[in-house]
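Inspection log for the structure reproduced underneath, given as structure tokens.
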Amino acid sequence: MGQGTGHPWRWRILAVVLVAEILDLLDATVVTIAAPSIRADLGGAPSTMQWLTAGYTLTFGVLLVVGGRLGDRFGRRRLFLIGVSGFTVFSLACALATSPGQLITFRVLEAAFGALLLPQGMGIVKTVFPPSETGKAFGLFGPVIGLSAVGGPILAGSLIELDLWGTHWRMIFLINLPLGLAALAGALRWMPRDRPRPGAVIDLVSAALLGAALLLVIYPLIQGPERDWPAWTWLSLGAGALFAGLFALWERRSRNPLIAPELLRLSGFRNGLLVLLGVFAGMAGLMLTLSLFTQSFLGYSAFRSGLTMAPMALGMALAAGLVSGLVATRPRLLLAVGTAVNVLGVVALALVIRWQGADLELLWLVGPMLVIGLGMGTGMGSLFDLVIADVPEAEAGGASGVMTAVQQLAGAVGVAGVTTLYLAQVQSQPVPEAMAVSLGAVAGVLVFTGVLIRLLPGR
């Protein structure tokens, strides 16, 4: 394979990797709409709905960095095949779960195999495309990931409404089976075999410290409101900060850090991770909170609640198509404009909800959600290109793992933070006002993200 021409099947390989991305994003987002239906069927406390999402993304995020390193050590193609196989099997297990505990457990195991799967895909794409085409290839990740993220709730609502063969919410997991088998077949057919790197060592202490820090922070954020914030929740948050500090110290002294120091010296990669964190935390929190608001307060069906995301998906598709020619030349400008438009959409959504209250009709949500989608579609492709474009090939697996881990952890933080804020606010004020406050927090996160964009390289 020549460096100037790339792998002859590179576009087919990219398609397989994108199917894997869609598999993950659909599975992570369909639960935002299905959570109330799952709880109504299986039972469980209100926090069960948060754990169905946060348990998945937390596990995914912690293990993704390790997954990237495992790909470097044992071969990316091999880990991709193991990951997609395990993910598909545990998707079936989720569909067959009979209790909240079983479902959450299977979701965690599903996420563990997904953490083996996703980092390999981006690393493989980095190696099979020549430098002249990597921008175009990675430019497709943003729109595909974004559309999958907002399309997941629409799909979930439709499948629950159709209730095919009496499967109700279980079909949202069964849909993974054909996608997983397609990705497996494509990987076996087209993905090139690569050489393992036996010398690549995985620092399990770093992984344990990182996992402990995140769990100690996210667990009390989800359980705290339900238990009226007992003392242990605050102690847990403090311990989480302590473990985060220990992780940073250990990484500085480790001979084989999880996050290679060379990566963090790349300004595009380092600052891009912060922007990625803000964007995905805000959007994850918005989507789950909006689902709870429309179904629990407004009485929308799962299908109608899913339709609230349709204007966002349309806006993303329109904007991604309009700006595709500028991703390679004006990425930072597109990201800044997209974030500003996104903030306007979130503020407009908060105002509409506050104004209409219990009389809110679906039609009133179309405008704000369309604007949010236009903002996401404008900037998403540029974001992924800026984060990974300058990463050396030797660190592609580790960088992909870190980037996707931040994306997943952002989802867990957003779900825990924004949804917790919403559930706390509804205890002391009318639900529409509580929703407006939560959306104000999302807008604030996106404004801070917009400030960080100035630190990214212009091209």
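Each chain in the structure tokens gets a letter, A, B, ..., in the order shown, and its residues are numbered from 1; ligands are numbered from 1 in order too.
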
Residue contacts of Leu351 in chain A (10 Å, only C-alpha atoms) excluding same-chain residues fewer than 2 positions away, as a ChimeraX atom specification: /A:345-349,353-357,368,432-433,435-436,439-440

Secondary structure check, alpha helix (DSSP H) residues of range 50-298 of chain A, as a PyMOL selection string: chain A and resi 50-74+76-95+100-128+131-139+141-162+171-174+176-190+204-223+231-253+261-264+267-292

For Phe297 in chain A: contacts at 9 Å, only C-alpha atoms, fewer than 4 positions along chain excluded, given as a PyMOL selection string: chain A and resi 292-293+358+431-432

Would you mind exporting the chosen residues as a PDB file, in the first residue's frame, restricted to C-alpha atoms?
```pdb
ATOM      1  CA  LEU A 292     -38.148  13.176  30.281  1.00  0.00           C
ATOM      2  CA  PHE A 293     -39.920  16.540  29.970  1.00  0.00           C
ATOM      3  CA  ALA A 358     -48.105  22.749  29.844  1.00  0.00           C
ATOM      4  CA  VAL A 431     -41.627  21.897  35.547  1.00  0.00           C
ATOM      5  CA  PRO A 432     -41.371  24.340  32.575  1.00  0.00           C
TER       6      PRO A 432
END
```

Range 252-258 of chain A environment, 9 Å, only C-alpha atoms, sequence neighbours closer than 2 positions dropped, as an MDAnalysis selection string: chainID A and resid 65:66 69 200:204 206:207 247:250 260:261 398 402

Would you export the selected residues with N, CA and C atoms as a PDB file, in the first residue's frame, please?
```pdb
ATOM      1  N   VAL A  65      -9.829   4.120  26.332  1.00  0.00           N
ATOM      2  CA  VAL A  65      -8.396   4.422  26.260  1.00  0.00           C
ATOM      3  C   VAL A  65      -7.592   3.134  26.290  1.00  0.00           C
ATOM      4  N   VAL A  66      -8.008   2.203  27.171  1.00  0.00           N
ATOM      5  CA  VAL A  66      -7.350   0.901  27.224  1.00  0.00           C
ATOM      6  C   VAL A  66      -7.579   0.148  25.920  1.00  0.00           C
ATOM      7  N   ARG A  69      -5.119   1.124  23.278  1.00  0.00           N
ATOM      8  CA  ARG A  69      -3.799   0.538  23.525  1.00  0.00           C
ATOM      9  C   ARG A  69      -3.777  -0.954  23.211  1.00  0.00           C
ATOM     10  N   ALA A 200       3.997  -2.707  23.246  1.00  0.00           N
ATOM     11  CA  ALA A 200       3.043  -1.728  23.756  1.00  0.00           C
ATOM     12  C   ALA A 200       2.478  -2.205  25.091  1.00  0.00           C
ATOM     13  N   VAL A 201       2.816  -1.512  26.171  1.00  0.00           N
ATOM     14  CA  VAL A 201       2.418  -1.909  27.524  1.00  0.00           C
ATOM     15  C   VAL A 201       1.218  -1.075  27.962  1.00  0.00           C
ATOM     16  N   ILE A 202       0.281  -1.723  28.643  1.00  0.00           N
ATOM     17  CA  ILE A 202      -0.931  -1.050  29.118  1.00  0.00           C
ATOM     18  C   ILE A 202      -0.807  -0.820  30.621  1.00  0.00           C
ATOM     19  N   ASP A 203      -0.914   0.413  31.048  1.00  0.00           N
ATOM     20  CA  ASP A 203      -0.798   0.765  32.463  1.00  0.00           C
ATOM     21  C   ASP A 203      -2.159   0.597  33.130  1.00  0.00           C
ATOM     22  N   LEU A 204      -2.350  -0.549  33.794  1.00  0.00           N
ATOM     23  CA  LEU A 204      -3.631  -0.838  34.420  1.00  0.00           C
ATOM     24  C   LEU A 204      -3.878   0.031  35.654  1.00  0.00           C
ATOM     25  N   SER A 206      -3.154   3.230  35.909  1.00  0.00           N
ATOM     26  CA  SER A 206      -3.745   4.463  35.385  1.00  0.00           C
ATOM     27  C   SER A 206      -5.217   4.268  35.061  1.00  0.00           C
ATOM     28  N   ALA A 207      -5.537   3.130  34.430  1.00  0.00           N
ATOM     29  CA  ALA A 207      -6.924   2.854  34.079  1.00  0.00           C
ATOM     30  C   ALA A 207      -7.797   2.745  35.330  1.00  0.00           C
ATOM     31  N   PHE A 247      -4.476  10.265  39.430  1.00  0.00           N
ATOM     32  CA  PHE A 247      -4.330   9.814  38.050  1.00  0.00           C
ATOM     33  C   PHE A 247      -3.352  10.711  37.295  1.00  0.00           C
ATOM     34  N   ALA A 248      -3.504  12.026  37.461  1.00  0.00           N
ATOM     35  CA  ALA A 248      -2.615  12.961  36.765  1.00  0.00           C
ATOM     36  C   ALA A 248      -1.162  12.775  37.214  1.00  0.00           C
ATOM     37  N   LEU A 249      -0.948  12.593  38.531  1.00  0.00           N
ATOM     38  CA  LEU A 249       0.415  12.398  39.042  1.00  0.00           C
ATOM     39  C   LEU A 249       1.008  11.089  38.538  1.00  0.00           C
ATOM     40  N   TRP A 250       0.213  10.020  38.558  1.00  0.00           N
ATOM     41  CA  TRP A 250       0.710   8.722  38.098  1.00  0.00           C
ATOM     42  C   TRP A 250       1.065   8.760  36.612  1.00  0.00           C
ATOM     43  N   ALA A 260      -0.478   9.263  25.821  1.00  0.00           N
ATOM     44  CA  ALA A 260       0.917   9.569  25.504  1.00  0.00           C
ATOM     45  C   ALA A 260       1.179  11.067  25.627  1.00  0.00           C
ATOM     46  N   PRO A 261       2.268  11.474  26.314  1.00  0.00           N
ATOM     47  CA  PRO A 261       2.571  12.906  26.442  1.00  0.00           C
ATOM     48  C   PRO A 261       2.681  13.607  25.093  1.00  0.00           C
ATOM     49  N   GLY A 398      -4.091   4.969  20.112  1.00  0.00           N
ATOM     50  CA  GLY A 398      -4.243   5.615  21.405  1.00  0.00           C
ATOM     51  C   GLY A 398      -5.018   6.912  21.314  1.00  0.00           C
ATOM     52  N   VAL A 402      -8.580   7.857  23.113  1.00  0.00           N
ATOM     53  CA  VAL A 402      -8.749   9.022  23.985  1.00  0.00           C
ATOM     54  C   VAL A 402      -9.889   9.903  23.487  1.00  0.00           C
TER      55      VAL A 402
END
```

Which of A:Ser85, A:Ser132, A:Thr29, A:Thr98 sits closest to Ala112 in chain A [using only C-alpha atoms]: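 With only C-alpha atoms as the atom set, the closest residue is A:Ser85.
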
Distance query Gly375 in chain A at most 8 Å, only C-alpha atoms, self and fewer than 6 positions along chain excluded, as a PyMOL selection string: chain A and resi 315-316+319+337-342

Which of A:Val31, A:Met369, A:Leu360, A:Ala399 sits closest to Gly121 in chain A [using only C-alpha atoms]: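 Of A:Val31, A:Met369, A:Leu360, A:Ala399, the one nearest Gly121 in chain A, counting only C-alpha atoms, is A:Ala399.
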
Nearby residues (only C-alpha atoms) at most 10 Å from Asp41 in chain A, same-chain spacing under 3 positions excluded, as an MDAnalysis selection string: chainID A and resid 35:38 44 98:100 168:169

For Gln102 in chain A: contacts at 12 Å, only C-alpha atoms, fewer than 6 positions along chain excluded, given as an MDAnalysis selection string: chainID A and resid 42:44 48 52 90 93:96 108:109

Let's have the selection written as a compact mmCIF listing (two decimals), in the first residue's frame, with N, CA and C atoms.
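Result written to result-v4.txt:
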```
# COMPACT_ATOMS: atom_id res chain seq x y z
N LEU A 42 -40.11 -2.73 33.34
CA LEU A 42 -39.26 -3.51 34.25
C LEU A 42 -39.26 -2.99 35.68
N GLY A 43 -39.74 -1.77 35.89
CA GLY A 43 -39.71 -1.18 37.22
C GLY A 43 -38.38 -0.50 37.49
N GLY A 44 -38.15 -0.14 38.76
CA GLY A 44 -36.91 0.53 39.14
C GLY A 44 -37.16 1.96 39.56
N THR A 48 -32.85 4.78 37.68
CA THR A 48 -32.63 3.69 36.73
C THR A 48 -32.52 4.23 35.32
N LEU A 52 -29.20 3.70 32.85
CA LEU A 52 -29.24 3.01 31.56
C LEU A 52 -28.36 3.71 30.53
N PHE A 90 -24.16 -9.04 23.25
CA PHE A 90 -24.76 -8.43 24.44
C PHE A 90 -25.90 -7.48 24.09
N ALA A 93 -28.57 -9.83 24.46
CA ALA A 93 -28.82 -10.06 25.89
C ALA A 93 -29.65 -8.92 26.48
N CYS A 94 -29.37 -7.67 26.08
CA CYS A 94 -30.16 -6.53 26.56
C CYS A 94 -31.63 -6.68 26.17
N ALA A 95 -31.86 -7.14 24.94
CA ALA A 95 -33.24 -7.32 24.47
C ALA A 95 -33.98 -8.38 25.26
N LEU A 96 -33.25 -9.32 25.86
CA LEU A 96 -33.87 -10.42 26.60
C LEU A 96 -33.91 -10.19 28.11
N VAL A 108 -23.53 -2.55 30.50
CA VAL A 108 -22.12 -2.36 30.86
C VAL A 108 -21.22 -3.30 30.06
N LEU A 109 -21.62 -4.56 29.94
CA LEU A 109 -20.83 -5.53 29.17
C LEU A 109 -20.82 -5.17 27.68
```

For CA of Leu276 in chain A and CA of Leu179 in chain A, the interatomic separation in Å (one decimal): 26.2 Å

Nearest residue to Thr53 in chain A from the set A:Leu116, A:Gly272, A:Val125, A:Val30 (distances using only C-alpha atoms): A:Val30

Nearest to Val366 in chain A, chosen from A:Pro311, A:Gly180, A:Pro192, A:Gly6, with only C-alpha atoms counted in the distances: A:Pro311

Straight-line distance linking CA of Leu409 in chain A with CA of Gly224 in chain A, stated in Å to one decimal: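 Going from CA of Leu409 in chain A over to CA of Gly224 in chain A covers 19.2 Å.
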
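Between Ser148 in chain A and the residues A:Gly211, A:Asp27, A:Ala183, A:Leu333, the shortest atom-to-atom distance, using only C-alpha atoms, involves A:Asp27.
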
Using only C-alpha atoms: which of A:Val442, A:Ala405, A:Ala320, A:Ile104 has the shortest distance to Gly377 in chain A: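 With only C-alpha atoms as the atom set, the closest residue is A:Ala320.
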